[in-house]
Structure formats: C-alpha cells, structure tokens
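Structure file my_file.txt (compact mmCIF, C-alpha atoms) is printed below.
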# COMPACT_ATOMS: atom_id res chain seq x y z
CA MET J 21 -61.42 -13.85 190.97
CA THR J 22 -60.78 -10.25 191.83
CA MET J 23 -61.89 -7.34 189.74
CA VAL J 24 -58.27 -6.36 189.09
CA TYR J 25 -57.48 -9.86 187.79
CA LEU J 26 -60.51 -9.84 185.49
CA LEU J 27 -59.61 -6.39 184.22
CA LYS J 28 -56.09 -7.52 183.38
CA VAL J 29 -57.34 -10.64 181.63
CA ASN J 30 -59.73 -8.68 179.44
CA VAL J 31 -57.16 -6.02 178.61
CA LEU J 32 -54.69 -8.72 177.57
CA LEU J 33 -57.34 -10.36 175.40
CA ALA J 34 -57.74 -7.07 173.56
CA ILE J 35 -53.98 -6.67 173.15
CA PHE J 36 -53.41 -10.22 171.91
CA TYR J 37 -56.36 -10.02 169.53
CA GLY J 38 -55.04 -6.77 168.06
CA PHE J 39 -51.57 -8.27 167.64
CA TYR J 40 -53.03 -11.38 165.98
CA ARG J 41 -55.05 -9.30 163.52
CA LEU J 42 -52.03 -7.15 162.76
CA MET J 43 -49.48 -9.90 162.23
CA PHE J 44 -51.06 -13.27 161.41
CA VAL J 45 -54.56 -13.03 160.00
CA ARG J 46 -53.46 -12.80 156.35
CA ASP J 47 -51.10 -15.78 156.17
CA THR J 48 -51.86 -19.44 155.49
CA PHE J 49 -50.00 -21.01 158.44
CA PHE J 50 -53.20 -22.31 159.94
CA THR J 51 -51.57 -24.67 162.43
CA TRP J 52 -49.31 -21.89 163.70
CA ARG J 53 -52.25 -19.56 163.90
CA ARG J 54 -54.14 -22.11 165.95
CA ALA J 55 -51.23 -22.31 168.39
CA VAL J 56 -50.98 -18.52 168.66
CA LEU J 57 -54.70 -18.14 169.32
CA LEU J 58 -54.72 -20.78 172.03
CA LEU J 59 -51.54 -19.47 173.62
CA SER J 60 -52.98 -15.95 173.56
CA VAL J 61 -55.99 -17.06 175.57
CA LEU J 62 -53.81 -19.11 177.93
CA ALA J 63 -51.39 -16.21 178.39
CA ALA J 64 -54.22 -13.75 179.08
CA VAL J 65 -55.52 -16.04 181.84
CA VAL J 66 -52.17 -17.03 183.38
CA ILE J 67 -50.00 -13.91 183.09
CA PRO J 68 -52.02 -11.83 185.61
CA MET J 69 -51.48 -14.61 188.17
CA VAL J 70 -47.69 -14.67 187.75
CA ASP J 71 -45.89 -12.53 190.32
CA ILE J 72 -42.45 -11.27 189.32
CA GLY J 73 -42.51 -8.37 191.76
CA GLY J 74 -39.26 -9.52 193.36
CA TRP J 75 -37.48 -9.52 190.01
CA VAL J 76 -38.93 -6.12 189.15
CA SER J 77 -37.68 -4.68 192.43
CA THR J 78 -34.10 -5.74 191.66
CA HIS J 79 -34.00 -3.98 188.29
CA GLN J 80 -33.69 -0.27 188.75
CA GLN J 81 -35.27 1.08 185.56
CA THR J 82 -38.12 -1.40 185.70
CA ALA J 83 -38.77 -0.50 189.33
CA ASN J 84 -38.95 3.20 188.48
CA LEU J 85 -41.36 2.47 185.66
CA SER J 86 -43.34 0.33 188.08
CA GLU J 87 -43.86 3.27 190.39
CA VAL J 88 -45.09 5.53 187.60
CA TYR J 89 -47.40 2.84 186.26
CA ARG J 90 -48.80 2.05 189.67
CA GLU J 91 -49.57 5.63 190.59
CA VAL J 92 -50.73 6.91 187.20
CA VAL J 93 -52.03 4.03 185.11
CA LEU J 94 -53.54 1.80 187.76
CA PRO J 95 -54.96 3.96 190.54
CA THR J 96 -57.00 2.18 193.21
CA VAL J 97 -60.67 2.04 192.20
CA ASN J 98 -61.91 -0.60 194.65
CA VAL J 99 -65.01 1.17 196.01
CA THR J 100 -68.26 0.08 197.60
CA GLY J 101 -71.14 2.29 198.61
CA THR J 102 -72.25 3.60 202.00
CA GLY J 103 -75.81 3.40 203.22
CA ASP J 104 -77.30 6.23 201.14
CA ARG J 105 -75.16 5.64 198.04
CA PHE J 106 -76.40 3.58 195.10
CA PRO J 107 -74.66 0.16 195.17
CA TRP J 108 -73.19 0.34 191.68
CA LEU J 109 -70.56 -2.31 192.40
CA ARG J 110 -73.16 -4.77 193.61
CA LEU J 111 -75.31 -4.06 190.56
CA PHE J 112 -72.44 -4.62 188.15
CA THR J 113 -71.45 -7.79 190.00
CA LEU J 114 -75.01 -9.09 189.78
CA LEU J 115 -75.20 -8.32 186.06
CA TYR J 116 -71.83 -9.98 185.47
CA ILE J 117 -72.78 -13.14 187.35
CA SER J 118 -76.20 -13.22 185.66
CA GLY J 119 -74.53 -13.12 182.25
CA ILE J 120 -72.22 -15.97 183.23
CA VAL J 121 -75.11 -18.08 184.51
CA MET J 122 -77.22 -17.57 181.38
CA LEU J 123 -74.40 -18.27 178.94
CA ALA J 124 -73.16 -21.25 180.95
CA ALA J 125 -76.70 -22.67 181.01
CA ARG J 126 -76.93 -22.17 177.24
CA MET J 127 -73.64 -23.95 176.72
CA VAL J 128 -74.62 -26.90 178.93
CA TRP J 129 -78.01 -27.15 177.18
CA GLN J 130 -76.36 -27.32 173.76
CA MET J 131 -74.04 -30.07 174.94
CA LEU J 132 -76.98 -32.00 176.35
CA VAL J 133 -78.78 -31.67 173.01
CA ILE J 134 -75.77 -33.15 171.23
CA VAL J 135 -75.57 -36.03 173.72
CA TRP J 136 -79.30 -36.63 173.26
CA MET J 137 -78.85 -36.71 169.47
CA ARG J 138 -76.03 -39.19 169.90
CA ILE J 139 -78.33 -41.45 171.92
CA MET J 140 -81.41 -41.11 169.72
CA ASN J 141 -79.86 -41.27 166.24
CA GLU J 142 -78.71 -44.52 164.75
CA SER J 143 -75.08 -44.99 163.84
CA ARG J 144 -73.76 -46.18 160.50
CA THR J 145 -70.32 -46.93 159.14
CA ILE J 146 -69.47 -45.10 155.93
CA ASP J 147 -66.03 -45.49 154.34
CA GLY J 148 -64.76 -46.98 157.57
CA CYS J 149 -66.03 -44.01 159.59
CA GLU J 150 -68.80 -44.29 162.15
CA VAL J 151 -71.37 -41.51 161.76
CA MET J 152 -74.59 -40.58 163.50
CA VAL J 153 -77.39 -40.37 160.94
CA LEU J 154 -79.36 -37.13 161.04
CA ARG J 155 -83.02 -37.22 160.02
CA ASP J 156 -83.46 -33.64 158.84
CA ASN J 157 -81.55 -31.04 156.83
CA ALA J 158 -79.31 -29.99 159.72
CA THR J 159 -75.80 -28.99 158.71
CA PRO J 160 -73.27 -31.83 159.19
CA PHE J 161 -71.18 -31.35 162.32
CA SER J 162 -68.82 -33.09 164.70
CA PHE J 163 -68.32 -33.02 168.44
CA PHE J 164 -65.11 -34.65 169.65
CA SER J 165 -65.25 -38.16 168.06
CA TRP J 166 -68.91 -37.99 167.04
CA ILE J 167 -69.74 -37.10 163.43
CA PHE J 168 -73.33 -36.24 162.54
CA VAL J 169 -74.49 -36.23 158.92
CA ASN J 170 -77.53 -37.08 156.80
CA PRO J 171 -76.20 -39.30 154.00
CA GLU J 172 -79.50 -39.08 152.12
CA MET J 173 -79.12 -35.34 151.63
CA GLN J 174 -75.67 -35.57 149.97
CA SER J 175 -74.29 -37.03 146.80
CA SER J 176 -71.57 -39.64 147.10
CA SER J 177 -68.73 -37.20 146.37
CA GLN J 178 -70.19 -34.57 148.69
CA LEU J 179 -70.55 -37.12 151.48
CA HIS J 180 -66.89 -38.05 151.11
CA GLU J 181 -65.90 -34.39 151.30
CA ILE J 182 -67.95 -33.96 154.46
CA LEU J 183 -66.40 -36.98 156.11
CA VAL J 184 -62.86 -35.85 155.29
CA HIS J 185 -63.68 -32.39 156.64
CA GLU J 186 -65.22 -33.68 159.87
CA GLN J 187 -62.53 -36.30 160.38
CA ALA J 188 -60.00 -33.47 160.29
CA HIS J 189 -61.91 -31.80 163.11
CA VAL J 190 -61.99 -35.06 165.06
CA SER J 191 -58.37 -36.11 164.54
CA GLN J 192 -57.01 -32.66 165.39
CA TRP J 193 -59.20 -32.30 168.53
CA HIS J 194 -60.81 -29.08 167.36
CA SER J 195 -63.65 -29.49 169.85
CA VAL J 196 -61.18 -28.71 172.64
CA ASP J 197 -60.54 -25.30 171.06
CA ILE J 198 -64.25 -24.71 170.64
CA LEU J 199 -65.06 -25.49 174.27
CA LEU J 200 -62.16 -23.37 175.50
CA MET J 201 -63.41 -20.36 173.54
CA GLU J 202 -66.98 -20.97 174.67
CA LEU J 203 -65.79 -20.89 178.29
CA LEU J 204 -63.85 -17.71 177.56
CA ALA J 205 -66.97 -16.11 176.11
CA VAL J 206 -68.96 -17.20 179.17
CA PHE J 207 -66.63 -15.60 181.71
CA CYS J 208 -65.72 -12.57 179.59
CA TRP J 209 -69.12 -12.10 177.97
CA TRP J 210 -69.02 -8.32 178.28
CA ASN J 211 -65.70 -8.06 176.44
CA PRO J 212 -66.15 -7.85 172.64
CA PHE J 213 -62.56 -9.02 172.12
CA ALA J 214 -63.38 -12.36 173.75
CA TRP J 215 -66.10 -12.90 171.14
CA LEU J 216 -63.80 -11.74 168.36
CA LEU J 217 -61.13 -14.21 169.45
CA ARG J 218 -63.80 -16.91 169.59
CA ARG J 219 -64.74 -16.12 166.00
CA GLU J 220 -61.10 -16.20 164.86
CA VAL J 221 -60.56 -19.61 166.47
CA ARG J 222 -63.66 -21.08 164.83
CA MET J 223 -62.77 -19.68 161.43
CA ASN J 224 -59.18 -20.95 161.64
CA LEU J 225 -60.41 -24.43 162.53
CA GLU J 226 -62.54 -24.38 159.39
CA TYR J 227 -59.49 -23.29 157.38
CA LEU J 228 -57.61 -26.29 158.75
CA ALA J 229 -60.41 -28.71 157.84
CA ASP J 230 -60.89 -27.14 154.40
CA GLU J 231 -57.16 -27.42 153.80
CA ARG J 232 -57.34 -31.13 154.61
CA VAL J 233 -60.14 -31.67 152.06
CA VAL J 234 -58.07 -30.00 149.35
CA GLU J 235 -54.92 -31.89 150.35
CA VAL J 236 -56.53 -35.31 149.82
CA GLY J 237 -57.35 -34.39 146.22
CA TYR J 238 -60.87 -32.96 146.07
CA GLY J 239 -61.29 -30.09 143.62
CA ARG J 240 -61.46 -26.63 145.14
CA ARG J 241 -64.22 -25.38 142.85
CA ALA J 242 -66.55 -28.36 143.40
CA TYR J 243 -65.95 -28.21 147.14
CA GLN J 244 -66.69 -24.50 147.25
CA TYR J 245 -69.96 -25.00 145.37
CA HIS J 246 -70.81 -27.69 147.89
CA LEU J 247 -70.26 -25.21 150.72
CA LEU J 248 -72.50 -22.69 149.02
CA GLY J 249 -75.21 -25.30 148.69
CA LEU J 250 -75.17 -25.82 152.45
CA ALA J 251 -75.19 -22.11 153.27
CA TYR J 252 -78.73 -22.17 154.59
CA GLY J 253 -78.54 -25.38 156.55
CA LYS J 254 -79.63 -25.44 160.18
CA ASN J 255 -76.81 -25.40 162.74
CA VAL J 256 -77.44 -27.58 165.75
CA ALA J 257 -75.24 -25.76 168.29
CA THR J 258 -72.31 -23.39 168.68
CA VAL J 259 -70.24 -25.82 170.77
CA CYS J 260 -69.67 -28.18 167.85
CA ASN J 261 -67.72 -28.07 164.58
CA ASN J 262 -70.27 -27.31 161.87
CA PHE J 263 -69.38 -28.28 158.33
CA ASN J 264 -70.70 -24.99 157.03
CA VAL J 265 -69.81 -21.96 159.16
CA LEU J 266 -70.35 -18.47 157.80
CA PRO J 267 -68.84 -16.33 156.44
CA LEU J 268 -68.23 -18.62 153.50
CA LYS J 269 -66.59 -15.80 151.58
CA MET J 270 -63.57 -15.86 153.90
CA ARG J 271 -63.23 -19.64 153.67
CA ILE J 272 -63.40 -19.65 149.89
CA LYS J 273 -60.97 -16.74 149.68
CA MET J 274 -58.52 -18.52 151.98
CA MET J 275 -58.71 -21.75 149.95
CA ASN J 276 -57.84 -19.82 146.80
CA LYS J 277 -55.12 -17.78 148.47
CA ARG J 278 -51.52 -18.33 147.46
CA ARG J 279 -49.58 -20.17 150.17
CA THR J 280 -47.47 -17.87 152.35
CA ASN J 281 -43.69 -18.11 152.08
CA ARG J 282 -42.56 -20.57 154.75
CA TRP J 283 -39.78 -18.24 155.93
CA LEU J 284 -42.41 -15.84 157.22
CA ARG J 285 -43.19 -18.29 160.00
CA ALA J 286 -40.35 -16.61 161.87
CA LYS J 287 -42.69 -13.72 162.65
CA TYR J 288 -44.52 -15.98 165.11
CA LEU J 289 -41.52 -15.60 167.40
CA LEU J 290 -42.72 -12.04 168.00
CA MET J 291 -45.29 -13.48 170.37
CA VAL J 292 -42.49 -14.11 172.87
CA PRO J 293 -41.55 -10.42 173.47
CA VAL J 294 -45.22 -9.45 173.39
CA ALA J 295 -46.05 -11.98 176.11
CA ALA J 296 -42.97 -10.92 178.09
CA ALA J 297 -44.00 -7.25 177.87
CA ALA J 298 -47.49 -8.21 179.02
CA LEU J 299 -46.01 -10.09 181.99
CA VAL J 300 -43.94 -7.08 183.04
CA ALA J 301 -46.87 -4.70 182.54
CA CYS J 302 -49.13 -6.84 184.72
CA ASN J 303 -46.53 -6.76 187.47
CA LEU J 304 -45.91 -3.05 187.33
CA ASP J 305 -48.58 -2.60 189.95
CA SER J 306 -46.76 -5.05 192.23
CA LYS J 307 -45.05 -3.18 195.05
CA PRO J 308 -41.27 -3.70 195.12
CA GLN J 309 -40.23 -5.72 198.14
CA SER J 310 -37.88 -4.29 200.72
CA ALA J 311 -34.56 -5.90 201.47
CA PRO J 312 -34.91 -8.36 204.39
CA GLU J 313 -33.69 -7.53 207.85
CA SER J 314 -30.87 -9.42 209.51
CA GLU J 315 -33.42 -11.34 211.57
CA GLY J 316 -35.04 -12.51 208.32
CA GLU J 317 -38.13 -10.32 208.66
CA GLY J 318 -38.87 -7.69 206.00
CA LEU J 319 -41.54 -5.14 205.24
CA PRO J 320 -44.30 -6.68 203.08
CA ASP J 321 -45.12 -5.39 199.63
CA THR J 322 -48.61 -4.21 200.46
CA MET J 323 -50.65 -3.75 203.60
CA SER J 324 -54.39 -3.25 203.32
CA VAL J 325 -55.81 -2.12 206.64
CA THR J 326 -59.46 -1.65 207.52
CA VAL J 327 -59.86 0.76 210.42
CA ASP J 328 -62.83 1.79 212.57
CA ARG J 329 -64.06 4.18 209.92
CA PRO J 330 -64.10 2.68 206.40
CA ALA J 331 -60.59 3.00 205.00
CA GLY J 332 -57.78 1.10 203.35
CA VAL J 333 -54.05 1.67 203.63
CA ASP J 334 -51.34 0.41 201.30
CA THR J 335 -47.71 0.66 202.38
CA VAL J 336 -44.79 0.43 199.98
CA ALA J 337 -41.10 1.24 199.88
CA VAL J 338 -40.19 2.98 196.65
CA VAL J 339 -37.09 1.76 194.84
CA ASP J 340 -35.32 4.55 192.98
CA THR J 341 -31.83 5.85 192.30
CA PRO J 342 -29.81 7.33 195.22
CA SER J 343 -30.05 11.11 195.59
CA ASP J 344 -28.48 13.84 197.76
CA GLY J 345 -29.14 13.48 201.46
CA TYR J 346 -30.99 10.16 201.36
CA PHE J 347 -31.22 6.81 199.61
CA ASP J 348 -34.25 5.32 197.88
CA VAL J 349 -33.05 1.75 198.31
CA VAL J 350 -30.35 0.36 200.57
CA GLU J 351 -28.87 -2.98 201.51
CA GLN J 352 -31.04 -3.22 204.61
CA MET J 353 -34.26 -1.24 204.48
CA PRO J 354 -35.71 0.50 207.55
CA SER J 355 -38.29 -1.43 209.54
CA PHE J 356 -41.09 -0.49 211.91
CA PRO J 357 -40.39 -1.28 215.59
CA GLY J 358 -41.76 -4.70 216.40
CA GLY J 359 -41.92 -5.78 212.78
CA ASN J 360 -44.75 -6.08 210.33
CA GLU J 361 -47.38 -7.16 212.82
CA GLU J 362 -46.84 -4.09 214.97
CA LEU J 363 -46.94 -1.86 211.92
CA MET J 364 -50.31 -3.34 210.99
CA LYS J 365 -51.63 -2.75 214.50
CA PHE J 366 -50.37 0.83 214.43
CA LEU J 367 -52.10 1.56 211.16
CA GLN J 368 -55.32 -0.08 212.28
CA SER J 369 -55.46 1.98 215.44
CA THR J 370 -54.29 5.25 213.94
CA VAL J 371 -55.96 5.76 210.56
CA LYS J 372 -59.36 7.40 210.96
CA TYR J 373 -61.61 8.14 208.02
CA PRO J 374 -62.65 11.83 208.41
CA GLU J 375 -66.35 11.91 209.23
CA GLU J 376 -66.98 14.87 206.95
CA ALA J 377 -65.29 13.04 204.08
CA THR J 378 -67.50 10.02 204.74
CA ASP J 379 -70.64 12.16 204.66
CA LYS J 380 -69.57 13.81 201.41
CA GLY J 381 -68.53 10.55 199.77
CA ILE J 382 -64.91 11.67 199.34
CA GLN J 383 -62.41 8.91 198.64
CA GLY J 384 -59.13 8.28 196.84
CA ARG J 385 -55.46 7.59 197.36
CA VAL J 386 -53.09 10.07 198.98
CA LEU J 387 -49.34 9.70 198.51
CA VAL J 388 -47.23 10.78 201.49
CA GLN J 389 -43.46 10.94 201.17
CA PHE J 390 -41.16 10.95 204.20
CA ILE J 391 -37.57 10.26 205.23
CA VAL J 392 -36.56 7.61 207.76
CA LYS J 393 -33.43 9.27 209.12
CA SER J 394 -30.31 7.53 210.31
CA ASP J 395 -31.53 7.83 213.91
CA GLY J 396 -34.88 6.21 213.00
CA THR J 397 -37.01 9.36 213.23
CA VAL J 398 -39.60 10.17 210.58
CA SER J 399 -39.08 13.61 209.05
CA ASP J 400 -39.86 15.79 206.04
CA ALA J 401 -43.30 14.22 205.59
CA LYS J 402 -45.27 15.81 202.79
CA VAL J 403 -48.19 14.99 200.51
CA VAL J 404 -46.95 14.37 196.97
CA ARG J 405 -50.33 13.41 195.53
CA GLU J 406 -53.42 15.19 196.82
CA VAL J 407 -57.00 13.99 196.80
CA HIS J 408 -58.89 16.31 199.18
CA PRO J 409 -57.69 18.48 202.10
CA LEU J 410 -59.54 16.24 204.59
CA LEU J 411 -57.92 13.03 203.36
CA ASP J 412 -54.56 14.69 202.74
CA ALA J 413 -54.43 15.95 206.32
CA GLU J 414 -55.36 12.56 207.79
CA ALA J 415 -52.75 10.72 205.77
CA LEU J 416 -50.09 13.27 206.75
CA ARG J 417 -51.10 13.04 210.41
CA VAL J 418 -50.72 9.26 210.42
CA VAL J 419 -47.21 9.42 208.97
CA LYS J 420 -46.07 12.18 211.32
CA SER J 421 -47.35 10.22 214.34
CA MET J 422 -45.19 7.19 213.59
CA PRO J 423 -42.64 6.25 216.27
CA LYS J 424 -38.95 5.80 215.49
CA TRP J 425 -38.11 3.14 212.92
CA LYS J 426 -35.11 0.88 212.82
CA PRO J 427 -32.94 2.86 210.37
CA GLY J 428 -31.80 1.59 207.00
CA MET J 429 -28.23 0.35 206.63
CA GLN J 430 -25.84 0.85 203.73
CA SER J 431 -22.27 -0.48 203.86
CA GLY J 432 -22.65 -1.05 207.59
CA LYS J 433 -23.76 2.52 208.34
CA ALA J 434 -27.18 3.90 209.24
CA VAL J 435 -28.41 6.20 206.45
CA ASN J 436 -31.42 8.32 205.54
CA VAL J 437 -33.97 6.46 203.36
CA LYS J 438 -36.94 7.88 201.47
CA TYR J 439 -40.34 6.20 201.65
CA VAL J 440 -43.64 6.88 199.93
CA ILE J 441 -46.82 5.57 201.52
CA PRO J 442 -50.04 5.49 199.46
CA VAL J 443 -52.90 5.87 201.94
CA THR J 444 -56.04 4.64 200.19
CA PHE J 445 -59.40 5.78 201.53
CA ARG J 446 -62.26 3.60 200.33
CA LEU J 447 -65.89 3.98 201.30
CA GLN J 448 -67.54 0.73 202.33

Would you write the structure of this file as structure tokens?
Amino acid sequence: MTMVYLLKVNVLLAIFYGFYRLMFVRDTFFTWRRAVLLLSVLAAVVIPMVDIGGWVSTHQQTANLSEVYREVVLPTVNVTGTGDRFPWLRLFTLLYISGIVMLAARMVWQMLVIVWMRIMNESRTIDGCEVMVLRDNATPFSFFSWIFVNPEMQSSSQLHEILVHEQAHVSQWHSVDILLMELLAVFCWWNPFAWLLRREVRMNLEYLADERVVEVGYGRRAYQYHLLGLAYGKNVATVCNNFNVLPLKMRIKMMNKRRTNRWLRAKYLLMVPVAAAALVACNLDSKPQSAPESEGEGLPDTMSVTVDRPAGVDTVAVVDTPSDGYFDVVEQMPSFPGGNEELMKFLQSTVKYPEEATDKGIQGRVLVQFIVKSDGTVSDAKVVREVHPLLDAEALRVVKSMPKWKPGMQSGKAVNVKYVIPVTFRLQ
C-alpha cells in the first residue's frame, strides 16, 4: 500500500463516520445502519483503488476542478531524507508497522484464547442450543457459532434472554462485522475515526441483538435490569460478541426509544451521492489522459523519472477550455518524437537536481507552462508555480531544451496546444 492510498482511506473513514453520525445515529433502523457502516468501510477501502481518470478527462468542468485539486489540495509530499537528514519517513513507517504488528498479535492471541476455551470447556444443550459452559463469572459471549455462558450464574429467565441475545449474534453473522472492524483498527490504528467506527459497529450489533430479545416477548424493564446486573462482568476478548457491552446507558435508551417512521429510511439513499462524490474526489489527483495518436500510442497520464541526482518528474497534459491563440485539449494531442519511451529517456538524461538545492535540502514541485506550436516547437515556457529559484530555473531549462514535438491536430489542422508540466524534485 502506498502512503497516498492509506491517506485517502483514512480521510474517507473520517468523512463517512461524520456523515453516519450526522444522518443515521439517532434512528432505529438497526439493520440499515449495519449495512451503511459496513459499506462505509468497504467504500473507504475500495474507492481509492478505482481509477476513473479517463472519465474525468472527458468531462470539462470535472477536469478543470481536477487540475485545481491536484495542484492545491494534493501537492506531492513523497520525500525521503539524504545522508545528513533525519529519516522521518523511515521512523514513521517503522512506528506504523510496529503498531500493526502489536495489534495484529493481540487480535490473534484473543482468537486463540477463544479457540482454547472452546476446546477446554464442556458443551451442553440448553433449549435446543449448544453452549460452551464457562466456569467463572465471565460475561456471556459468542464467536461465530459458539456461545459461551455459565448457566449456574443466571436464573432460568435470564439464561433464556442470554441465549436469545447470543443466537441473534450467531444467526446474523455479527462476528464477521467484528473481525472486519478489528482488522480496520489494526491497519488504521493511528486514525481515531477507525476506532470510532469500530465502536459504532459494535454498539449497533448490540442494538440488533437487544431488539431481538424484546421482539420475542421478554419485558424491557426486566431485561434492562439484567444488563445492569452484568455490568461488572469480565469480558474475555474484543473480537467476540459480549452479552454486556458498555455503555449500557445507550443500549437502554435505544430500547426505550420510539421507533423511527419507516418513511425516513429513504435518507439512506443519500449514501449514494456521498460515495460518488468521494469517488470523484479521490480521482481528482489522476492526471487526465491525452487523446491517442493515430498510431494508437498516446502520452501517459504520469511519468515519474529518477535522474542522476535525486529527482522526480511528473508530466501531464492539462484539459481546459479553448482560449485565444491555443487550445488546451484537441482531437489529437501533441506527442514527443519517438513516443513515450523516448520522452522518458529525454527526461532521465536531462533533469539534473541542482547541487546547491540538494545541499540545502530544497525540494518541491514546479509547474512549467508552455505551448506546443503548430510546427511542433516549444515556446512561451514560463514557471506558473514557483518553489525556489534553483528548482524553477532547472525545470524551465528542461522544458526549453525539448526538441520539436509532433503538433496537436484539430479538425485535420495542426494547432497550438498548451501544456503544463509539474516537475517534482524529491530528495532521496
């Protein structure tokens, strides 16, 4: 996983969590809420991997917004240190991986404990339900199809309530949700919104199981007193469905809450435009693709080039509305002589990281705009986003030294086409 991908995932988790809290947390559509929570996590993981850059490039307003977003909101920050610079990136990577390892080990250990309890505890059939008999005052819990409870610690009515509650967890496969959120917390452990989503999922699963207990005819008040009596029970693990999960106040309040008007379920459709907006936003940093040449070869979206001195170069054709004297996008975009491979070779052999900039630790992305004229010459090159005079001058020099391009074509005629090249200087 790249850092950019992880950043997008964690930002989307924050957005989806905020939307969930704003729109759904107060209603009683627990099954719908479960679906929204799971889809939010799935969308946060999948959306950053979906590339709709080609679609974005064909829609004018979206493409313009893409350029602004790419240059302003998501500047390149991919930096590693030189010899005498503190390796912050390596340190953060080590801390991140260490957190994953520790939390993953904790999760595996808890699962092993549950498996060990399944092996060591005797099983008994109660009301047609097979349970694993606990020997201490541990809180009743379930893990997939296994239900753990100490029948000796409960009255007959309380035991029936527990079994109905845990059977709801089992029949509705709530352990899948729990494990999914545990994995999310492992890989996004530094993101508080991942833990908040984990809490919301666990609480909603308890709402679903509590609702089932009430539906079969058990009294709310007696059941709530039962929950309070188990408030100080020992929880075996966080990867299982515990019968008593704090805060009890929220569970009791939700049981007593008036059922939400069923017509309000329509608001869940709002997740569709939110997810669509997230998909577009995640692709706004995707470079619009150029129109293909007649030979079937086109300029790629992005070219990252490492030259002799540490550096990186990204090349992109900007799609914009036509303007006086030149076009921003045409039917057949200009191309470098020899195609993409030759352009890569040219950049690799031409871009030189200024030695003084290397010594001073100067880095960043310079935007150079130029016109590929109808005769293929590169003209009117200028820096439209400055970083430092040393880097600005090098980026401008590279563009001005380009040989003639194959000109862009519009309606069968060679025309002037504007290009913007972001030249990214990164210290290694």

Between atom CA of J:Leu42 and atom CA of J:Met291, distance in Å (one decimal):
12.0 Å

At a cut-off of 12 Å, using all atoms listed in the file, what residues contact J:Ala63? Leave out same-chain residues fewer than 3 positions from it and give the result as a PyMOL selection string.
chain J and resi 28-33+35-37+55-60+66-70+291-292+294-299+302

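Shortest separation to J:Arg282 among J:Lys433, J:Phe49, J:Ile117, J:Pro212 occurs at residue J:Phe49, atoms counted being all atoms listed in the file.
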
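In terms of minimum interatomic distance to J:Leu109, J:Met23 ranks closest within J:Asp400, J:Glu235, J:Phe366, J:Met23, counting all atoms listed in the file.
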
Who sits within 10 Å of J:Val135, all atoms listed in the file, same chain under 5 positions skipped, as a ChimeraX atom specification
/J:129-130,140,163,166

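Atom CA of J:Ser118 is positioned 22.9 Å from atom CA of J:Arg219.
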
Kindly indicate which residue among J:Met127, J:Val65, J:Val169, J:Leu289 lies nearest to J:Trp52, using only C-alpha atoms for the distances.
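The shortest atom-to-atom distance to J:Trp52 comes from J:Leu289.
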
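Across J:His408, J:Lys420, J:Arg385, J:Lys393, the tightest approach to J:Arg446 is made by J:Arg385 when counting all atoms listed in the file.
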
Could you give me, as a ChimeraX atom specification, the residues that have an atom at most 9 Å away from the point (-70.5, -34.7, 165.6) in the coordinates of the file, using all atoms listed in the file?
/J:134,138,151-152,160-169,186,190,260-262

Write the residues of the selection above to a file with C-alpha atoms, as a CSV table (one decimal), in the frame of the given file.
chain,number,residue,atom,x,y,z
J,134,ILE,CA,-75.8,-33.2,171.2
J,138,ARG,CA,-76.0,-39.2,169.9
J,151,VAL,CA,-71.4,-41.5,161.8
J,152,MET,CA,-74.6,-40.6,163.5
J,160,PRO,CA,-73.3,-31.8,159.2
J,161,PHE,CA,-71.2,-31.4,162.3
J,162,SER,CA,-68.8,-33.1,164.7
J,163,PHE,CA,-68.3,-33.0,168.4
J,164,PHE,CA,-65.1,-34.6,169.6
J,165,SER,CA,-65.2,-38.2,168.1
J,166,TRP,CA,-68.9,-38.0,167.0
J,167,ILE,CA,-69.7,-37.1,163.4
J,168,PHE,CA,-73.3,-36.2,162.5
J,169,VAL,CA,-74.5,-36.2,158.9
J,186,GLU,CA,-65.2,-33.7,159.9
J,190,VAL,CA,-62.0,-35.1,165.1
J,260,CYS,CA,-69.7,-28.2,167.8
J,261,ASN,CA,-67.7,-28.1,164.6
J,262,ASN,CA,-70.3,-27.3,161.9

From the set J:Thr370, J:Leu268, J:Leu284, J:Tyr346, which residue has the shortest atom-to-atom contact distance to J:Gly249, counting all atoms listed in the file?
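Among the listed residues, J:Leu268 lies closest to J:Gly249.
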
Restricting the calculation to only C-alpha atoms: of J:Asn303, J:His180, J:Arg54, J:Lys365, which residue gets closest to J:Asp71?
J:Asn303

So the first atom is atom CA of J:Arg218 and the second is atom CA of J:Ala34; what is the distance between them in Å, to one decimal place?
12.2 Å

J:Tyr116 surroundings by only C-alpha atoms, 12 Å radius, close-in-sequence under 6 positions cut, as a list in words
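Everything that qualifies: Met23, Leu26, Leu109, Arg110, Met122, Leu123, Val206, Phe207, Cys208, Trp209, Trp210 and Asn211 of chain J.
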
Kindly list the centre and edge lengths in Å, rounded to one decimal, for the axis-aligned box that covers all listed atoms of stretch 125-137 of chain J plus 6 Å on each of its six sides, as AutoDock Vina command-line options.
--center_x -76.5 --center_y -29.4 --center_z 175.2 --size_x 17.7 --size_y 26.5 --size_z 23.5
